[in-house]
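Chemist: First the structure, which I've put down as structure tokens, then a few questions once you've had a look.
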Amino acid sequence: MNLGGEWEPRGNKRLRWLGSAKATRPPPPARSRQERAGIAAWRGRGGRAAQAQACLERRSEASGRAAMASSEAPPGEEEEAAALLAALAARLTGSAQQEEQEEQAAAAPGRLATLGQIAALLRDPAGREKATESLFQDLLQILRKASYEIDATYKQQNTLEHTDSLFLLVSECFRCLRNACVQCTKNQNVMRNLGLIEASVHLIQLLHKLETTLESLLTAFRCSLQFLGNIAAGNKASQHRIWTLAFPSLFLFLIVTNHLLKCPELVKAMYAKLSNQERASFLELIQSEIGENNTVISAETAKFLVNCFKEKCQAVLILAFAANDDDEEALVTIRLVDVLCEMTSNSGHLECLQACPDLLEVTVKTLQLTHLAGKQSTNIFTVTHSGQEQSCHPAVGFKSHLIRLIGNLCYKNKANQDKVYDLDGIPLILDNCSIDDNNPFVSQWAVYTIRNLTEQNERNQELIARMEQQGLADNSVLEKMGLKVEKRDQKLILRSSGKTPHL
């Protein structure tokens with residue numbers, strides 16, 4: 001389930017992608033028996049609410065047939081949307097006043113059903129444009145009251161089962177807010193100025209304290225994150241407000257619990273605000289989550305990290321000069337490679353990253369540049385055989401990880417195998433098969449990568465065979481890989497020697 005980003009529904013069910021920087025709305029969770037009963041009761045009533053429901057269904061059916069290429073609606077449709085919202089908002093306010101007079105719980109079925117209809121109407125651009133500040137104020141008051149009641153339950157150490165309806169109410173409020181933010185800067189700004197970001201962050205922190213596996217609570221948590229992602233999308237002021245309120249404690253919690261990594265807009269907003277030193281720490285946390293907990297992050301977040309590496313890949317070359325061994329921008333590049341290695345070792349990310357434009361090419365060229373820098377002068381990229389313990393230099397192992405990344409990207413991928421051939425990457429990798437104190441396990445990763453490059457790829461096999469014949473490839477290296485060269489019908493063939501590779 002995607003926890004963040006922007007989505008724009010078309011009609012009542014169909015979704016329209018907004019581009020690479022957006023995400024789709026997750027499928028709605030199964031409603032509880034209480035919620036279904038409340039919605040059914042509301043739909044069965046006559047009067048203005050029933051008319052609004054019928055009109056909404058007609059508009060949803062019509063908009064499902066129409067291709068909504070822009071967010072603008074005809075004047076008549078906008079007036080209709082405004083009338084529907086006004087009717088539903090009046091009903092929401094009226095039910096709230098009645099419940100206060102009768103001292104009923106905040107999540108009465110009638111109000112829950114009304115919120116569901118408002119959320120559905122706000123899926124449409126015309127509905128979003130006609131949303132009023134008073135509606136958002138009503139939603140804010142509901143969230144504050146629900147937050148107060150949940151907090152009281154927590155402090156009194158009562159069981160949370162009877163708060164299930166409150167969590168459903170919170171989820172529906174956040175669905176309304178989330179939908180209203182999509183491609184609507186006006187609504188984003190109104191919500192921010194009303195204090196809805198502060199209320200949301202407070203509620204997220206409160207939900208974090210509650211030790212329960214109630215599905216309704218988890219749904220409320222997901223919807224709250226989706227709202228923060230949508231209000232931050234393309235809105236610097238909202239991003240700054242979220243950052244000010246939530247860093248570092250809440251963001252670190254979200255990383256540890258896997259939620260932030262599935263919310264691309266929040267990842268981007270957070271990364272933009274971090275210093276290079278903080279980015280390096282942030283990337284270490286991501287690497288840990290992926291490597292130790294097998295966390296699968298969203299495809300959009302993965303592509304964002306790939307683009308960060310592509311933009312900063314050459315920053316690491318500054319480390320060839322001894323005086324710059326603590327360069328923070330270079331350290332970020334190193335951590336990005338570490339994260340990409342972990343991601344490509346995870347089957348949930350591999351196919352997405354193998355298809356990323358230019359990632360393999362940038363990785364091979366970065367290896368070429370660092371390898372060349374190590375030959376031009378003695379530095380951290382120079383191959384050493386001193387037998388001494390490896391230094392604590394941040395670039396130790398960097399070339400090993402580049403080779404590992406190349407191997408992962410070529411795993412059972414003919415197009416990438418051929419691309420490495422075209423980039424002259426195979427001789428480069430063979431040249432990194434010897435022991436290197438500055439790159440532990442580099443020979444093992446080179447063996448792994450060569451095997452991935454030659455698997456069911458005759459052209460790559462022939463190239464290595466020719467290199468061995470011409471003395472350009474060390475036969476002992478091929479033996480370590482479990483490979484040998486044979487001559488058959490005037491043609492050199494690279495085949496398995498039947499021996500286990502020395503990994």
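Chain lettering (A, B, ...) mirrors the order of the structure tokens, residue numbering begins at 1 for each chain separately, and ligand numbering begins at 1 in order of display.
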Could you pull the residues within 10 Å of Asn276 (chain A), counting only C-alpha atoms, minus those fewer than 6 positions along the same chain, as an MDAnalysis selection string?
Modeler: chainID A and resid 282 327:333
Chemist: Skipping near chain neighbours, those fewer than 4 positions away, what residues fall within 8 Å of region 294-296 of chain A using only C-alpha atoms, listed as a PDB file with C-alpha atoms, in the first residue's frame?
Modeler:
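So result_14.pdb came out as:
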ATOM      1  CA  ASN A 258       8.894   1.975   7.639  1.00  0.00           C
ATOM      2  CA  GLU A 289      15.979  -0.667   7.208  1.00  0.00           C
ATOM      3  CA  ILE A 290      16.418  -2.236   3.768  1.00  0.00           C
ATOM      4  CA  ASN A 346      16.307  -6.923  -2.624  1.00  0.00           C
ATOM      5  CA  GLY A 348      11.346  -5.984  -4.393  1.00  0.00           C
ATOM      6  CA  HIS A 349      13.534  -3.191  -5.810  1.00  0.00           C
TER       7      HIS A 349
END
Chemist: With only C-alpha atoms as the counted atoms, please give the residues lying no more than 7 Å from region 298-303 of chain A, apart from itself and same-chain residues fewer than 2 positions off, as a list in words.
Modeler: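 Counting only the stated atoms, we get Leu261, Lys262, Pro264, Val296, Leu305, Val306, Asn307 and Cys352 of chain A.
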Chemist: Do you have the CA of Val267 (chain A)-CA of Leu340 (chain A) distance handy?
Modeler: 15.8 Å
Chemist: If we count only C-alpha atoms, what is near Thr363 (chain A) at a cut-off of 9 Å, once residues fewer than 6 positions away on the same chain are taken out, given as a VMD selection string?
Modeler: chain A and resid 310 313 337 402 to 403 405 to 406
Chemist: What's the 8 Å shell around Asn432 (chain A), counting only C-alpha atoms, without same-chain residues fewer than 5 positions away, as an NGL selection string?
Modeler: :A and (442-443 or 446)
Chemist: What does the distance between CA of Leu250 (chain A) and CA of Asn179 (chain A) come to in Å, to one decimal place?
Modeler: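 Spanning CA of Leu250 (chain A) to CA of Asn179 (chain A) is a straight-line distance of 23.4 Å.
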Chemist: When DSSP is applied to the backbone of this structure, which of region 156-326 of chain A are assigned helix (DSSP H, G or I)? Write them out as number ranges by chain.
Modeler: A: 161-181, 185-194, 196-209, 215-232, 236-246, 249-256, 260-262, 264-273, 276-293, 299-320, 322-324
Chemist: How would the residues just chosen look if you wrote them out with C-alpha atoms as a short mmCIF file (atom, residue, chain, number, x, y, z; two decimals), in the first residue's frame?
Modeler:
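Writing the result to out_30.cif gives the following:
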data_model
loop_
_atom_site.label_atom_id
_atom_site.label_comp_id
_atom_site.auth_asym_id
_atom_site.auth_seq_id
_atom_site.Cartn_x
_atom_site.Cartn_y
_atom_site.Cartn_z
CA GLU A 161 -11.33 -1.26 21.59
CA HIS A 162 -14.05 1.30 22.32
CA THR A 163 -12.00 3.97 20.50
CA ASP A 164 -12.31 2.03 17.23
CA SER A 165 -15.02 4.42 16.04
CA LEU A 166 -12.77 7.40 16.82
CA PHE A 167 -10.02 5.98 14.64
CA LEU A 168 -12.53 5.51 11.82
CA LEU A 169 -13.56 9.14 12.21
CA VAL A 170 -9.93 10.31 12.15
CA SER A 171 -9.31 8.26 8.98
CA GLU A 172 -12.29 9.80 7.21
CA CYS A 173 -11.23 13.33 8.20
CA PHE A 174 -7.77 12.76 6.81
CA ARG A 175 -9.23 11.35 3.61
CA CYS A 176 -11.16 14.58 3.17
CA LEU A 177 -8.04 16.68 3.81
CA ARG A 178 -5.84 14.47 1.66
CA ASN A 179 -8.21 14.66 -1.29
CA ALA A 180 -8.64 18.43 -0.95
CA CYS A 181 -4.87 19.02 -1.27
CA THR A 185 -2.27 25.24 -3.56
CA LYS A 186 -5.14 27.33 -2.22
CA ASN A 187 -6.38 24.51 -0.02
CA GLN A 188 -2.86 23.60 1.06
CA ASN A 189 -2.27 27.16 2.25
CA VAL A 190 -5.63 27.47 4.01
CA MET A 191 -5.06 24.23 5.90
CA ARG A 192 -1.55 25.23 6.89
CA ASN A 193 -2.70 28.63 8.15
CA LEU A 194 -5.50 27.03 10.19
CA LEU A 196 -3.94 21.49 10.48
CA ILE A 197 -0.31 20.47 10.08
CA GLU A 198 0.30 21.00 13.80
CA ALA A 199 -2.84 19.07 14.69
CA SER A 200 -1.86 16.23 12.36
CA VAL A 201 1.68 15.92 13.68
CA HIS A 202 0.34 15.92 17.25
CA LEU A 203 -2.15 13.20 16.38
CA ILE A 204 0.49 11.09 14.62
CA GLN A 205 2.70 11.31 17.70
CA LEU A 206 -0.26 10.32 19.85
CA LEU A 207 -1.10 7.33 17.66
CA HIS A 208 2.52 6.27 17.89
CA LYS A 209 2.18 5.92 21.66
CA GLU A 215 -6.71 -2.11 11.92
CA SER A 216 -8.69 1.11 12.39
CA LEU A 217 -5.70 2.74 14.13
CA LEU A 218 -3.28 1.64 11.41
CA THR A 219 -5.65 3.01 8.78
CA ALA A 220 -5.82 6.35 10.61
CA PHE A 221 -2.03 6.42 10.73
CA ARG A 222 -1.71 5.76 7.00
CA CYS A 223 -4.29 8.39 6.10
CA SER A 224 -2.56 10.99 8.28
CA LEU A 225 0.75 10.36 6.50
CA GLN A 226 -0.93 10.60 3.12
CA PHE A 227 -2.34 13.97 4.12
CA LEU A 228 1.09 15.26 5.16
CA GLY A 229 2.51 14.00 1.87
CA ASN A 230 -0.17 15.76 -0.16
CA ILE A 231 -0.04 19.06 1.72
CA ALA A 232 3.74 19.09 1.27
CA LYS A 236 7.68 24.88 0.16
CA ALA A 237 5.93 26.62 3.06
CA SER A 238 4.11 23.42 4.04
CA GLN A 239 7.31 21.40 3.71
CA HIS A 240 9.10 23.83 6.00
CA ARG A 241 6.29 23.69 8.57
CA ILE A 242 6.32 19.88 8.62
CA TRP A 243 10.08 19.87 8.93
CA THR A 244 10.05 22.35 11.82
CA LEU A 245 7.44 20.39 13.74
CA ALA A 246 8.50 16.83 13.05
CA SER A 249 12.02 12.69 16.58
CA LEU A 250 8.96 12.01 14.43
CA PHE A 251 10.89 11.51 11.21
CA LEU A 252 13.28 9.05 12.86
CA PHE A 253 10.30 7.16 14.24
CA LEU A 254 8.68 7.08 10.81
CA ILE A 255 11.87 5.69 9.28
CA VAL A 256 12.21 2.99 11.91
CA LEU A 260 8.29 7.54 5.89
CA LEU A 261 10.07 5.41 3.28
CA LYS A 262 6.72 4.69 1.65
CA PRO A 264 7.84 9.87 -1.40
CA GLU A 265 6.79 13.48 -0.90
CA LEU A 266 7.90 13.45 2.73
CA VAL A 267 11.21 11.79 1.83
CA LYS A 268 11.89 14.49 -0.76
CA ALA A 269 10.84 17.29 1.58
CA MET A 270 13.00 15.94 4.37
CA TYR A 271 16.06 15.30 2.17
CA ALA A 272 15.94 18.83 0.76
CA LYS A 273 16.15 20.33 4.25
CA ASN A 276 25.12 16.82 3.99
CA GLN A 277 26.07 15.34 7.34
CA GLU A 278 22.41 14.77 8.19
CA ARG A 279 21.79 13.28 4.75
CA ALA A 280 24.55 10.75 5.34
CA SER A 281 22.94 9.73 8.65
CA PHE A 282 19.52 9.58 7.02
CA LEU A 283 20.85 7.30 4.27
CA GLU A 284 22.47 5.04 6.85
CA LEU A 285 19.08 4.59 8.48
CA ILE A 286 17.51 3.75 5.11
CA GLN A 287 20.29 1.26 4.38
CA SER A 288 19.74 -0.38 7.75
CA GLU A 289 15.98 -0.67 7.21
CA ILE A 290 16.42 -2.24 3.77
CA GLY A 291 19.33 -4.49 4.67
CA GLU A 292 18.25 -5.71 8.11
CA ASN A 293 14.47 -5.57 7.92
CA ALA A 299 9.32 2.99 -6.50
CA GLU A 300 9.14 6.78 -6.51
CA THR A 301 11.42 7.02 -3.46
CA ALA A 302 13.84 4.56 -5.09
CA LYS A 303 14.00 6.66 -8.26
CA PHE A 304 14.51 9.79 -6.19
CA LEU A 305 17.58 8.24 -4.53
CA VAL A 306 18.88 7.13 -7.94
CA ASN A 307 18.61 10.71 -9.22
CA CYS A 308 20.45 11.99 -6.13
CA PHE A 309 23.32 9.61 -6.93
CA LYS A 310 23.37 10.58 -10.60
CA GLU A 311 23.60 14.27 -9.67
CA LYS A 312 26.39 13.86 -7.09
CA CYS A 313 28.32 10.80 -8.31
CA GLN A 314 31.53 12.68 -9.15
CA ALA A 315 31.69 14.41 -5.77
CA VAL A 316 33.58 11.39 -4.47
CA LEU A 317 36.59 12.20 -6.67
CA ILE A 318 37.58 14.98 -4.28
CA LEU A 319 38.69 12.23 -1.89
CA ALA A 320 41.65 11.51 -4.17
CA ALA A 322 44.36 13.70 1.15
CA ALA A 323 43.25 17.09 2.50
CA ASN A 324 39.63 16.33 1.58
#
Chemist: Which one is closest to Leu453 (chain A): A:Pro427, A:Pro440, A:Gly407, A:Gly127? Count only C-alpha atoms.
Modeler: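 Among A:Pro427, A:Pro440, A:Gly407, A:Gly127, it is A:Gly407 that comes nearest to Leu453 (chain A).
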Chemist: Have a look at CA of Ser147 (chain A) and CA of Ala120 (chain A) and let me know their distance in Å, one decimal.
Modeler: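 Value for the CA of Ser147 (chain A)-CA of Ala120 (chain A) distance: 23.7 Å.
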Chemist: Excluding same-chain residues fewer than 6 positions from Gln456 (chain A), what lies within 12 Å of it counting only C-alpha atoms, as number ranges by chain?
Modeler: A: 410-415, 417-418, 450, 462, 494-495
Chemist: Identify which of the residues A:Asn408, A:Ser386, A:Thr366, A:Gln376 lies closest to Ser347 (chain A), counting only C-alpha atoms when measuring atom-to-atom distances.
Modeler: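 Closest to Ser347 (chain A), using only C-alpha atoms: A:Asn408.
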Chemist: Check the smallest atom-to-atom distance from each of A:Arg404, A:His393, A:Leu372, A:Asn452 to Asp431 (chain A) using only C-alpha atoms, then report the winner.
Modeler: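 Closest to Asp431 (chain A), using only C-alpha atoms: A:Leu372.
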